[in-house]
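The structure under discussion appears below in the form of structure tokens.
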Amino acid sequence: MSYQSALVAACAVLSAGGVGAADFTVSPGGRDTNPGTAAAPFATLTRARDAVRARILGGKLPAGGLTVELRAGNYELAEPLALDARDSGSEGRPVVWRSAPGAKVRVIGGRLVGGWTKVTDAAVLGRLDPAARGQVMQADLRAQGITRFGEMKSARGWGSSEAGLELFFNDQPTTLARWPNEGFTTIRDLPVMDFDVRGTKGSRQPIFNYEGDRPSRWAAEPEPMVHGYWFWDWADQRYRVKSVDPAKGLITLDAAGGEFRKGQWYYAYNLLCELDQPGEWYLDRASGILYFWPPSPIDRGQAMVSLLPNLVTMTGAADIELRGLTLEGCQGTAVSIDGGANCRVASCVVRNTGSYAVRVEGGRNHGVVGCDMYQMGDGGIVLHGGDKKTLTHAEHYAENNHIHHFSRWNPMYKVGIELFGVGMRASHNLVHHAPHVGISFCGQENTVEYNEVHNVVQQANDAGAIYSQPGIDEDWTMRGNVVRYNFVHHVYGYRGHGCCGVYLDDMFSSMHCYGNVFYQVPQAVFIGGGRDNITENNLFVECNPAVHVDARGLGWAAGGEALLRQRMTEIPYDKPPWSTRYPQLLTVLTDEPMAPKGNAFRRNINVGGKWDDIEGKARPMVLFEDNQTDQAPLIVDVKGLNFRLKPGSPAPKGWQTIPFGEIGLVKNADRASWPVAHAVEGAPAGATVNERLALRYPTPVAVPTTGVALTLKETPERAAISGPPCTAQLSHDGANLLVTVTVPIRDPAKLVRTDVWGSSDGVEVAFRDATDAKKPGVTWVLQGHATGTHRGSADAGATPAAATKLDAAGTFKAVVGADRWTATWSIPLAAAGLKPGTGLKLGFNIGVRRSETDEWIAWAGANGPNWQLDGTGVIVLR
């Protein structure tokens, strides 16, 4: 009998209400000097492990394997349960560590804390907020033998901070004293501005001006910390505060290598003076005194601090199963599996960990099945394995797990389920309520199927509910990944400003996205410059837009080609099995490799939202075939989240029924709980669903022959500019669009006159035919410099020849004065393929690069390049 067959047989016994006799029994009331029988159980898991090890060493495993049964109660571990090859079962004879029938078994990596008294020290009371005096309790951890506190220090990379000791009360995480109590405060200003990323300015100096005067209270705190999104909304970091200067309103951080931007958000923590509400705590690491304002009477609750790095480790182990246990209270990952084969974590509850619930590195055929996981400091399940060069599958799987409310400590890129490698599967999972990604995948031939994901990406925007692992291993060799039969819904991004459903980042290629249902998901399928991605037979409801493809490899990401070519040389793509499974790779290096070729959208249904957002340069390369975008399907019950199609509903030719009723969790003997309740939250107040695609100026601006004035006063990200605003005058003469832009300056000598767009002073005008909102025309971009040099740009999708021709057909003039310079165009609309005249509607924007104030300026911030006109404004000739 195979291992899987043995487990199936065991599950059948469990579901029938019977459990076989245990080989060894453990009880909190037992003794390690006992023989480990039901009548005389062991007390500890390590003693049981040693008994199992001796039994295995003594001879062949019995038919059906060995079972260690844990009776109800708390097992506070003195050290992690370390299992290795000596503790392994064999094929058809697994070693199972399980809870007794109906027993609540808690395996704890922390210590329960007692000895609580009221705070009476006058110095401490003086530091506490007045509201907290008389409410805060204290306990001496050192006196209770607890010394593993962890360290408060600056993280040196995104998501690399360790939580250290944490406090849990009545099985809930509590809050390390912080300000503000909820949400964030912002960087008011930066005293130094020393770098620019494609128009986004910032500072690499770890000093900033803070809002208000609250930080003045922190100057006397011994270890103040801050946690924030300092430059990008997808990159958070924790830093130690070096100093607070109340006189100048400045905070200086221990943040070598950090990057900061005005308006970004953060909060401060590890501050006794901010312990001002129930549920907050603070640890004085010098004295070992823990301070806590309990949310309910301390003598009626249970306080626990986390201590151990792990609860269970399996190194080179095989055929071992953990079943029906509650695993909690460690500073790191609860269960860590390294190498080996055929190990499972099944029907367990994993909660209140400092890092992940389960992490698998290498090995073969490890599984996490039927578990409930929540309140982890990092993510849920990590599965790494397989061999890229040989395309050997790891065969790891995450199945039927409920993973929610995770990434408490490191919110970015600590995902619900991570597949990284070759040949793994995430199926029938429910993932929800997380600050960032729900499920991520990277590598080859991985499958993400039958999962439900909702209310994730709650603290970021440039991220996806299902995400190709960013910045690690994207290249053209990402082949054979399948995302099918998933239900992704109610995903809005931070502050409701948009995110993505299935997000293929930075050239990720060859995904098959099939049979999924997307509801209220901005940019439901997002292809970031990759190739050969097939999106078919999906249902998009109220998504804005349903699909996106960009050509970043032909623009700002073009510099990455050398690295992508190098990665091709690292695998034998021209030899089997690569050459037979993925013949497209044989020609990719000679077929415009940075172009988004081979992407196709077939037989999809879109209703209630915009269909596509395709960058101009990418559109000619994208295949659209038999998509239904102008006829609403008959959905059973949208509000009730039943997205089956009614009989007779219109659908594309060849449409295959989506097995909607099979998506999500399944009731079986492996499921840790049933039924499963999970709250679904709608869009936050003021949500735009996708701010980048919401017009900055939705009311068309009338442009008469006598002219109309515009003011340019914001950045492309829609923040206020630091220098004086620019102005523009628009008019037309019936044939030509006339544009004059005035850029205020203080010193003409500071104009940068290199004629290199982006690094010298210049102005650009972008426009396109907007008569039919569903089928916008080619986006034209004209650029002019203070030197008088001008050009037509192909960045937005026009061919280089057409852009040059339009530029030559018009006129441009630049005039530099003492306090301003002006750029003036006469643009012949007929040369752009447009019919001039009253009523012509144009998507429109103006962008300015001003070197003197080191900023990019826009009429309508596009949350991207100025020529991304979906989110800017419209003008109409009158």
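Ordering of the structure tokens sets the chain letters (A, B, ...), residue numbers begin anew at 1 in every chain, and ligands are numbered from 1 in the order given.
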Residues near region 153-169 of chain A, anyone? I mean within 7 Å using only C-alpha atoms, not counting same-chain ones fewer than 2 positions away, as a PDB file with C-alpha atoms, in the first residue's frame.
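Result file follows (selection.pdb):
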ATOM      1  CA  PHE A 149      13.418  38.675  24.253  1.00  0.00           C
ATOM      2  CA  GLY A 150      14.687  39.223  20.723  1.00  0.00           C
ATOM      3  CA  GLU A 151      16.297  42.497  19.696  1.00  0.00           C
ATOM      4  CA  ASP A 171      -5.204  33.400  22.208  1.00  0.00           C
ATOM      5  CA  GLN A 172      -5.188  36.818  20.524  1.00  0.00           C
ATOM      6  CA  PRO A 173      -2.134  38.880  19.518  1.00  0.00           C
ATOM      7  CA  THR A 174      -1.753  42.082  21.493  1.00  0.00           C
ATOM      8  CA  ALA A 235       8.104  47.935   0.361  1.00  0.00           C
ATOM      9  CA  ASP A 236       7.947  48.271   4.142  1.00  0.00           C
ATOM     10  CA  GLN A 237      10.815  48.377   6.585  1.00  0.00           C
ATOM     11  CA  ARG A 238      11.385  48.711  10.334  1.00  0.00           C
ATOM     12  CA  TYR A 239      14.002  51.129  11.653  1.00  0.00           C
ATOM     13  CA  ARG A 240      15.416  52.130  15.013  1.00  0.00           C
ATOM     14  CA  ASP A 254      19.298  54.178  11.855  1.00  0.00           C
ATOM     15  CA  ALA A 255      18.517  53.428   8.225  1.00  0.00           C
ATOM     16  CA  GLY A 301      -7.483  35.399  31.197  1.00  0.00           C
ATOM     17  CA  GLN A 302      -4.333  33.728  29.993  1.00  0.00           C
ATOM     18  CA  ALA A 303      -1.214  35.639  28.957  1.00  0.00           C
ATOM     19  CA  MET A 304       1.482  33.901  26.929  1.00  0.00           C
ATOM     20  CA  VAL A 305       4.779  35.097  25.489  1.00  0.00           C
ATOM     21  CA  SER A 306       6.436  33.439  22.487  1.00  0.00           C
ATOM     22  CA  LEU A 307       9.914  31.984  22.953  1.00  0.00           C
ATOM     23  CA  GLN A 331       8.967  33.368  17.527  1.00  0.00           C
ATOM     24  CA  GLY A 354       6.207  35.123  14.714  1.00  0.00           C
ATOM     25  CA  TRP A 409       4.682  41.718  11.535  1.00  0.00           C
ATOM     26  CA  ASN A 410       6.100  41.759   8.002  1.00  0.00           C
ATOM     27  CA  MET A 412       4.721  42.753   2.356  1.00  0.00           C
TER      28      MET A 412
END
Among region 100-265 of chain A, which ones does DSSP assign to helix (DSSP H, G or I) (computed from the backbone)? Answer as an MDAnalysis selection string. chainID A and resid 122:127 130:132 142:144 214:218
Identify which of the residues A:Arg484, A:Lys104, A:Lys388, A:Arg133 lies closest to Ala426 (chain A), counting only C-alpha atoms when measuring atom-to-atom distances.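 Of A:Arg484, A:Lys104, A:Lys388, A:Arg133, the one nearest Ala426 (chain A) is A:Arg484, counting only C-alpha atoms.
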Can you work out the spacing between CA of Gly183 (chain A) and CA of Ala268 (chain A) in Å, to one decimal?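 One can read the CA of Gly183 (chain A) to CA of Ala268 (chain A) distance as 10.7 Å.
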For CA of Ala51 (chain A) and CA of Val95 (chain A), the interatomic separation in Å (one decimal):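 Separation of CA of Ala51 (chain A) and CA of Val95 (chain A): 12.1 Å.
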Pick from A:Phe441, A:Tyr269, A:Phe406, A:Trp281: nearest to Gly385 (chain A), with only C-alpha atoms counted?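 Closest residue, counting only C-alpha atoms: A:Phe441.
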Pick out the closest residue to Gly871 (chain A) from this set: A:Arg644, A:Lys653, A:Arg696, A:His454. Count only C-alpha atoms.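 Result for the nearest residue to Gly871 (chain A): A:Arg696.
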Write out as number ranges by chain all residues of region 646-852 of chain A that DSSP puts in strand (DSSP E) for this structure's backbone. A: 697-703, 708-712, 726-732, 736-744, 762-769, 780-785, 790-793, 811-816, 820-828, 841-850
Option closest in space to Val815 (chain A), from A:Val547, A:Val743, A:Val703, A:Ile381 [counting only C-alpha atoms]: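 Nearest candidate to Val815 (chain A) out of A:Val547, A:Val743, A:Val703, A:Ile381: A:Val743.
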Find the spatial neighbours of Tyr514 (chain A), counting only C-alpha atoms, within a cut-off of 6 Å - ignore same-chain residues fewer than 6 positions away - and output them as a VMD selection string. chain A and resid 484 536 to 538
Using the selection just defined, write its residues with C-alpha atoms as a PDB file, in the first residue's frame.
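Printed below is out-v2.pdb as written:
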ATOM      1  CA  ARG A 484      -7.569  27.944 -13.142  1.00  0.00           C
ATOM      2  CA  GLU A 536      -9.338  32.273 -21.719  1.00  0.00           C
ATOM      3  CA  ASN A 537     -12.787  31.257 -20.550  1.00  0.00           C
ATOM      4  CA  ASN A 538     -12.786  33.604 -17.540  1.00  0.00           C
TER       5      ASN A 538
END
